[in-house]
Structure formats: C-alpha cells, structure tokens
>>> print(open('work-v6.pdb').read())   # PDB, C-alpha atoms, pLDDT in the B column
ATOM      1  CA  MET V  72     -26.607 -49.016  14.942  1.00 55.00           C
ATOM      2  CA  LYS V  73     -25.622 -45.364  14.290  1.00 51.00           C
ATOM      3  CA  ARG V  74     -27.382 -44.334  17.499  1.00 55.00           C
ATOM      4  CA  ALA V  75     -25.472 -46.910  19.480  1.00 54.00           C
ATOM      5  CA  TRP V  76     -22.133 -45.598  18.213  1.00 47.00           C
ATOM      6  CA  PHE V  77     -23.196 -42.043  18.927  1.00 48.00           C
ATOM      7  CA  LEU V  78     -24.179 -42.939  22.485  1.00 50.00           C
ATOM      8  CA  VAL V  79     -20.930 -44.832  23.070  1.00 51.00           C
ATOM      9  CA  LEU V  80     -18.878 -41.943  21.689  1.00 49.00           C
ATOM     10  CA  SER V  81     -20.824 -39.392  23.745  1.00 55.00           C
ATOM     11  CA  PHE V  82     -20.387 -41.459  26.895  1.00 49.00           C
ATOM     12  CA  PHE V  83     -16.660 -41.808  26.200  1.00 48.00           C
ATOM     13  CA  MET V  84     -16.261 -38.038  25.758  1.00 51.00           C
ATOM     14  CA  ILE V  85     -18.148 -37.292  28.959  1.00 52.00           C
ATOM     15  CA  ALA V  86     -16.241 -39.968  30.896  1.00 50.00           C
ATOM     16  CA  THR V  87     -12.822 -38.708  29.790  1.00 47.00           C
ATOM     17  CA  GLY V  88     -13.681 -35.056  30.347  1.00 51.00           C
ATOM     18  CA  TYR V  89     -13.583 -33.916  26.733  1.00 46.00           C
ATOM     19  CA  SER V  90     -16.182 -31.543  25.452  1.00 42.00           C
ATOM     20  CA  CYS V  91     -16.675 -29.492  22.314  1.00 43.00           C
ATOM     21  CA  ARG V  92     -15.487 -26.415  24.167  1.00 40.00           C
ATOM     22  CA  ASN V  93     -12.170 -28.051  25.047  1.00 39.00           C
ATOM     23  CA  ILE V  94     -11.647 -29.202  21.486  1.00 38.00           C
ATOM     24  CA  SER V  95     -12.199 -25.706  20.075  1.00 36.00           C
ATOM     25  CA  ALA V  96      -9.789 -24.265  22.646  1.00 38.00           C
ATOM     26  CA  VAL V  97      -7.120 -26.664  21.445  1.00 36.00           C
ATOM     27  CA  LYS V  98      -7.686 -25.555  17.839  1.00 34.00           C
ATOM     28  CA  SER V  99      -7.368 -21.872  18.740  1.00 34.00           C
ATOM     29  CA  ASP V 100      -4.183 -22.576  20.718  1.00 35.00           C
ATOM     30  CA  ILE V 101      -2.665 -24.254  17.676  1.00 31.00           C
ATOM     31  CA  LYS V 102      -3.611 -21.309  15.477  1.00 33.00           C
ATOM     32  CA  ALA V 103      -2.058 -18.832  17.914  1.00 33.00           C
ATOM     33  CA  GLU V 104       1.192 -20.800  17.998  1.00 30.00           C
ATOM     34  CA  THR V 105       1.548 -20.952  14.223  1.00 30.00           C
ATOM     35  CA  SER V 106       1.153 -17.210  13.641  1.00 41.00           C
ATOM     36  CA  MET V 107       4.432 -15.402  13.140  1.00 47.00           C
ATOM     37  CA  SER V 108       4.736 -12.720  15.755  1.00 49.00           C
ATOM     38  CA  LYS V 109       7.530 -10.884  17.465  1.00 51.00           C
ATOM     39  CA  GLN V 110       7.510  -9.207  20.824  1.00 49.00           C
ATOM     40  CA  ALA V 111       9.675  -6.309  21.854  1.00 44.00           C
ATOM     41  CA  GLY V 112       9.045  -5.128  25.375  1.00 50.00           C
ATOM     42  CA  ASN V 113       5.304  -4.712  25.535  1.00 60.00           C
ATOM     43  CA  ILE V 114       4.784  -4.295  21.782  1.00 86.00           C
ATOM     44  CA  THR V 115       3.716  -7.429  19.938  1.00 91.00           C
ATOM     45  CA  PHE V 116       3.369  -7.408  16.176  1.00 94.00           C
ATOM     46  CA  SER V 117       2.862  -9.873  13.353  1.00 93.00           C
ATOM     47  CA  GLU V 118       3.103  -9.687   9.587  1.00 93.00           C
ATOM     48  CA  VAL V 119      -0.213  -9.482   7.735  1.00 94.00           C
ATOM     49  CA  LYS V 120       0.808  -8.792   4.134  1.00 91.00           C
ATOM     50  CA  ARG V 121       3.984  -8.304   2.138  1.00 90.00           C
ATOM     51  CA  SER V 122       3.956  -6.982  -1.433  1.00 88.00           C
ATOM     52  CA  ASN V 123       5.660  -4.629  -3.847  1.00 86.00           C
ATOM     53  CA  TYR V 124       3.703  -1.862  -5.611  1.00 85.00           C
ATOM     54  CA  ASN V 125       4.527   1.635  -6.728  1.00 85.00           C
ATOM     55  CA  LEU V 126       1.741   3.493  -4.916  1.00 85.00           C
ATOM     56  CA  PRO V 127       1.862   6.958  -3.340  1.00 86.00           C
ATOM     57  CA  LEU V 128       1.392   5.767   0.252  1.00 86.00           C
ATOM     58  CA  GLY V 129       4.131   7.605   2.133  1.00 88.00           C
ATOM     59  CA  GLU V 130       6.733   5.939   4.355  1.00 92.00           C
ATOM     60  CA  TYR V 131       4.173   4.686   6.833  1.00 94.00           C
ATOM     61  CA  ARG V 132       0.476   4.744   7.544  1.00 94.00           C
ATOM     62  CA  VAL V 133      -1.396   3.848  10.716  1.00 95.00           C
ATOM     63  CA  ILE V 134      -4.663   2.076   9.910  1.00 94.00           C
ATOM     64  CA  THR V 135      -7.295   1.962  12.637  1.00 94.00           C
ATOM     65  CA  THR V 136     -10.632   1.339  10.899  1.00 93.00           C
ATOM     66  CA  PHE V 137     -12.043  -1.268   8.549  1.00 93.00           C
ATOM     67  CA  SER V 138     -12.774   1.363   5.884  1.00 93.00           C
ATOM     68  CA  GLU V 139      -9.088   2.373   5.840  1.00 94.00           C
ATOM     69  CA  THR V 140      -8.128  -1.307   5.596  1.00 92.00           C
ATOM     70  CA  LEU V 141     -10.572  -1.791   2.733  1.00 91.00           C
ATOM     71  CA  ASP V 142      -9.124   1.248   0.934  1.00 91.00           C
ATOM     72  CA  ILE V 143      -5.537  -0.049   1.215  1.00 91.00           C
ATOM     73  CA  TYR V 144      -6.463  -3.572   0.125  1.00 89.00           C
ATOM     74  CA  SER V 145      -8.370  -2.245  -2.880  1.00 87.00           C
ATOM     75  CA  GLN V 146      -5.257  -0.292  -3.927  1.00 87.00           C
ATOM     76  CA  LEU V 147      -3.064  -3.381  -3.462  1.00 85.00           C
ATOM     77  CA  ALA V 148      -5.465  -5.764  -5.228  1.00 83.00           C
ATOM     78  CA  ASP V 149      -4.171  -7.506  -8.327  1.00 75.00           C
ATOM     79  CA  LYS V 150      -6.546  -6.559 -11.150  1.00 76.00           C
ATOM     80  CA  LYS V 151      -5.723  -9.780 -13.054  1.00 74.00           C
ATOM     81  CA  PHE V 152      -7.809 -11.806 -10.619  1.00 73.00           C
ATOM     82  CA  SER V 153     -11.545 -11.451 -10.112  1.00 70.00           C
ATOM     83  CA  ARG V 154     -11.407 -12.579  -6.487  1.00 74.00           C
ATOM     84  CA  SER V 155      -9.506 -10.669  -3.860  1.00 73.00           C
ATOM     85  CA  GLU V 156      -7.720 -12.045  -0.832  1.00 79.00           C
ATOM     86  CA  PRO V 157      -9.474 -11.972   2.553  1.00 86.00           C
ATOM     87  CA  ILE V 158      -9.368  -8.576   4.228  1.00 89.00           C
ATOM     88  CA  PRO V 159      -8.264  -8.781   7.859  1.00 90.00           C
ATOM     89  CA  THR V 160     -10.141  -7.113  10.694  1.00 91.00           C
ATOM     90  CA  LEU V 161      -8.915  -5.493  13.884  1.00 92.00           C
ATOM     91  CA  SER V 162      -9.625  -6.404  17.493  1.00 90.00           C
ATOM     92  CA  GLU V 163      -9.553  -4.065  20.463  1.00 89.00           C
ATOM     93  CA  ASP V 164      -6.133  -2.566  21.210  1.00 91.00           C
ATOM     94  CA  GLU V 165      -4.838  -3.335  17.704  1.00 94.00           C
ATOM     95  CA  PHE V 166      -3.964  -1.328  14.639  1.00 95.00           C
ATOM     96  CA  PHE V 167      -2.335  -1.989  11.288  1.00 95.00           C
ATOM     97  CA  LEU V 168       0.951  -0.333  10.428  1.00 95.00           C
ATOM     98  CA  LEU V 169       1.739  -0.051   6.730  1.00 95.00           C
ATOM     99  CA  LEU V 170       5.446   0.471   6.012  1.00 94.00           C
ATOM    100  CA  LYS V 171       6.860   1.580   2.673  1.00 92.00           C
ATOM    101  CA  PRO V 172      10.327   2.996   3.322  1.00 90.00           C
ATOM    102  CA  THR V 173      12.621   4.162   0.564  1.00 88.00           C
ATOM    103  CA  LEU V 174      15.389   1.622   0.071  1.00 86.00           C
ATOM    104  CA  ILE V 175      18.859   3.034   0.627  1.00 87.00           C
ATOM    105  CA  LYS V 176      21.297   0.098   0.644  1.00 84.00           C
ATOM    106  CA  GLN V 177      19.643  -2.327  -1.770  1.00 83.00           C
ATOM    107  CA  LYS V 178      18.125  -1.188  -5.020  1.00 84.00           C
ATOM    108  CA  TYR V 179      15.762  -4.148  -5.417  1.00 85.00           C
ATOM    109  CA  GLY V 180      15.338  -5.411  -1.883  1.00 86.00           C
ATOM    110  CA  ASP V 181      12.813  -5.930   0.865  1.00 89.00           C
ATOM    111  CA  ILE V 182      12.497  -4.934   4.509  1.00 90.00           C
ATOM    112  CA  GLU V 183      12.372  -6.852   7.767  1.00 92.00           C
ATOM    113  CA  VAL V 184      11.200  -5.302  11.031  1.00 93.00           C
ATOM    114  CA  ILE V 185      13.591  -6.146  13.853  1.00 92.00           C
ATOM    115  CA  LYS V 186      11.809  -4.565  16.807  1.00 91.00           C
ATOM    116  CA  MET V 187       9.441  -1.823  17.925  1.00 93.00           C
ATOM    117  CA  GLU V 188       9.734   0.468  20.906  1.00 92.00           C
ATOM    118  CA  LYS V 189       7.364   3.011  22.360  1.00 91.00           C
ATOM    119  CA  ASP V 190       8.864   6.350  23.401  1.00 87.00           C
ATOM    120  CA  ASN V 191       6.010   8.306  25.005  1.00 88.00           C
ATOM    121  CA  SER V 192       3.451   8.335  22.171  1.00 89.00           C
ATOM    122  CA  VAL V 193       6.002   7.824  19.370  1.00 93.00           C
ATOM    123  CA  LEU V 194       6.433   4.335  17.929  1.00 94.00           C
ATOM    124  CA  LYS V 195      10.025   3.609  16.887  1.00 93.00           C
ATOM    125  CA  VAL V 196      10.253   0.898  14.227  1.00 93.00           C
ATOM    126  CA  TYR V 197      13.698  -0.618  13.718  1.00 93.00           C
ATOM    127  CA  TYR V 198      14.078  -2.366  10.383  1.00 93.00           C
ATOM    128  CA  LYS V 199      16.743  -3.627   8.036  1.00 92.00           C
ATOM    129  CA  GLU V 200      16.954  -3.985   4.286  1.00 89.00           C
ATOM    130  CA  ILE V 201      17.266  -7.551   3.045  1.00 88.00           C
ATOM    131  CA  GLY V 202      17.821  -9.101  -0.353  1.00 87.00           C
ATOM    132  CA  ASN V 203      14.880 -10.540  -2.261  1.00 82.00           C
ATOM    133  CA  SER V 204      15.629 -12.513  -5.423  1.00 83.00           C
ATOM    134  CA  GLU V 205      12.033 -12.247  -6.664  1.00 82.00           C
ATOM    135  CA  TYR V 206      12.128  -8.462  -6.459  1.00 80.00           C
ATOM    136  CA  SER V 207      15.592  -8.397  -8.090  1.00 80.00           C
ATOM    137  CA  LEU V 208      14.465 -10.489 -11.055  1.00 82.00           C
ATOM    138  CA  SER V 209      11.439  -8.302 -11.731  1.00 82.00           C
ATOM    139  CA  LYS V 210      13.280  -5.067 -10.785  1.00 83.00           C
ATOM    140  CA  GLN V 211      10.796  -4.072  -8.075  1.00 82.00           C
ATOM    141  CA  ASN V 212      11.954  -1.509  -5.534  1.00 84.00           C
ATOM    142  CA  ASN V 213       8.797  -0.544  -3.642  1.00 86.00           C
ATOM    143  CA  PRO V 214       8.411  -3.044  -0.780  1.00 90.00           C
ATOM    144  CA  ILE V 215       5.233  -2.711   1.271  1.00 91.00           C
ATOM    145  CA  LEU V 216       4.797  -4.429   4.613  1.00 93.00           C
ATOM    146  CA  ILE V 217       1.577  -4.443   6.644  1.00 94.00           C
ATOM    147  CA  LEU V 218       1.903  -5.356  10.319  1.00 95.00           C
ATOM    148  CA  ARG V 219      -0.734  -6.022  12.981  1.00 95.00           C
ATOM    149  CA  VAL V 220       0.427  -4.226  16.127  1.00 95.00           C
ATOM    150  CA  ASN V 221      -0.973  -4.728  19.609  1.00 93.00           C
ATOM    151  CA  GLY V 222      -1.097  -1.664  21.797  1.00 90.00           C
ATOM    152  CA  GLU V 223      -2.041   1.966  21.898  1.00 91.00           C
ATOM    153  CA  ILE V 224      -2.271   3.942  18.646  1.00 93.00           C
ATOM    154  CA  PRO V 225       0.820   6.180  18.326  1.00 93.00           C
ATOM    155  CA  THR V 226       0.748   9.864  17.473  1.00 93.00           C
ATOM    156  CA  ASP V 227       3.865   9.485  15.303  1.00 93.00           C
ATOM    157  CA  VAL V 228       6.024   6.715  13.835  1.00 93.00           C
ATOM    158  CA  LYS V 229       9.777   6.879  13.312  1.00 93.00           C
ATOM    159  CA  LEU V 230      11.392   4.412  10.918  1.00 92.00           C
ATOM    160  CA  LEU V 231      14.977   3.659  11.896  1.00 91.00           C
ATOM    161  CA  LEU V 232      17.214   1.741   9.487  1.00 89.00           C
ATOM    162  CA  GLN V 233      19.581  -0.664  11.249  1.00 86.00           C
ATOM    163  CA  LYS V 234      23.065  -1.375   9.923  1.00 77.00           C
ATOM    164  CA  ASN V 235      23.624  -5.029   9.006  1.00 62.00           C
TER     165      ASN V 235
END
>>> encode(input="work-v6.pdb", output="structure tokens")
Amino acid sequence: MKRAWFLVLSFFMIATGYSCRNISAVKSDIKAETSMSKQAGNITFSEVKRSNYNLPLGEYRVITTFSETLDIYSQLADKKFSRSEPIPTLSEDEFFLLLKPTLIKQKYGDIEVIKMEKDNSVLKVYYKEIGNSEYSLSKQNNPILILRVNGEIPTDVKLLLQKN
C-alpha cells in the first residue's frame, strides 16, 4: 500500500512538473526574501549581529576571513552560556563590517545604518543614533553592529553621523 502511494505521488509530481530541485529553489527564495537587507547604489548590506559590550575594538573593523570572524565572536560570546551562537561565514565578494562608534547625541542609545556609498576605495557609512530602552535600563553605551556587506573590500571606512 505504501508503494502504491509513493508511485501515485511520484507520478503526480512528474506530471505537474514539480521536482525536488524546484522545491528547494522555492525554499531558498523565501529565505532570501525574509533577510533584512538594504541597498544603496551598488552596495547591499544586511545586519548579522547587534550587541552591546565594552571591548577595545575601535570605531570599525573590516573582517574578511573566518579566523577574524571567530576571534570577534569569541570576544562577544556570553560566558554565562556553554553553547555559543552560530558563527556566520562569508561568500565571494562579501565582508563583515563591525561598527562601534562613540555615541554623541544619546548616552545610552543604539545605531542604525542608513546607507553606504563607495567613494573610490573608501566606504562611507551613514548612520544615526537611535534610542534603545533595553540599553537605557541597563545603562549600556557601547553598541556594536556587525553587517554583511556585498562588494569590494575598502581600503578605509568613514563613519558619518546623520542629523535626525
């Protein structure tokens, strides 16, 4: 009886033109649509991680290898938990951009990247400071944002604070 159902289902899939390959393509299309990404000109980026730690990381860091990613994630890992979160990997023509600007307008706030522009080999990152009630309650003032950026690796990054 199980074989009969399997044969009927297989015949139905072949007759209607569905195959396993088409089904997996639909799943990957859904995944691509649900990821939060922004595009500015030819620079597409998406948020990978957002946290708040007082670490000596500088205002920005360009991450191009898995070992650098592993190093950053080990520094950001919460020691209270024995398991860490999944560590993302990079594809071709991608890099991670870690941002940790000093807050000017809001003492206990967060940052939001508005857009990115490429000026020769310099990546200009326009961001704004936003309120974050969680950070205010716990008096955290060291927002860290990790972005996945598509494109060529820049020689320099300029962080530009936008007025609200």
>>> atom_distance(input="work-v6.pdb", atom1="CA of Ile201 (chain V)", atom2="CA of Phe166 (chain V)")
25.0 Å
>>> atom_distance(input="work-v6.pdb", atom1="CA of Arg154 (chain V)", atom2="CA of Phe116 (chain V)")
27.5 Å
>>> closest_residue(input="work-v6.pdb", among="V:Asn123, V:Asp142, V:Asp227, V:Glu163", to="Gly180 (chain V)", atoms="only C-alpha atoms")
V:Asn123
>>> closest_residue(input="work-v6.pdb", among="V:Tyr131, V:Phe167, V:Tyr144, V:Phe152", to="Arg219 (chain V)", atoms="all atoms listed in the file")
V:Phe167
>>> atom_distance(input="work-v6.pdb", atom1="CA of Lys178 (chain V)", atom2="CA of Asn203 (chain V)")
10.3 Å
>>> closest_residue(input="work-v6.pdb", among="V:Thr136, V:Leu230, V:Ser122, V:Ile217", to="Asp164 (chain V)", atoms="only C-alpha atoms")
V:Thr136
>>> decode(input="work-v6.pdb", residues="region 197-210 of chain V", atoms="C-alpha atoms", output="compact mmCIF listing (two decimals), in the first residue's frame")
# COMPACT_ATOMS: atom_id res chain seq x y z
CA TYR V 197 25.94 56.97 7.07
CA TYR V 198 24.32 56.15 10.39
CA LYS V 199 22.10 57.70 13.02
CA GLU V 200 21.82 57.29 16.76
CA ILE V 201 18.52 55.86 17.95
CA GLY V 202 17.00 55.28 21.36
CA ASN V 203 17.06 51.80 22.87
CA SER V 204 15.07 51.23 26.06
CA GLU V 205 16.92 48.00 26.86
CA TYR V 206 20.27 49.77 26.75
CA SER V 207 18.88 52.69 28.78
CA LEU V 208 17.59 50.42 31.55
CA SER V 209 20.90 48.60 31.90
CA LYS V 210 22.97 51.77 31.25
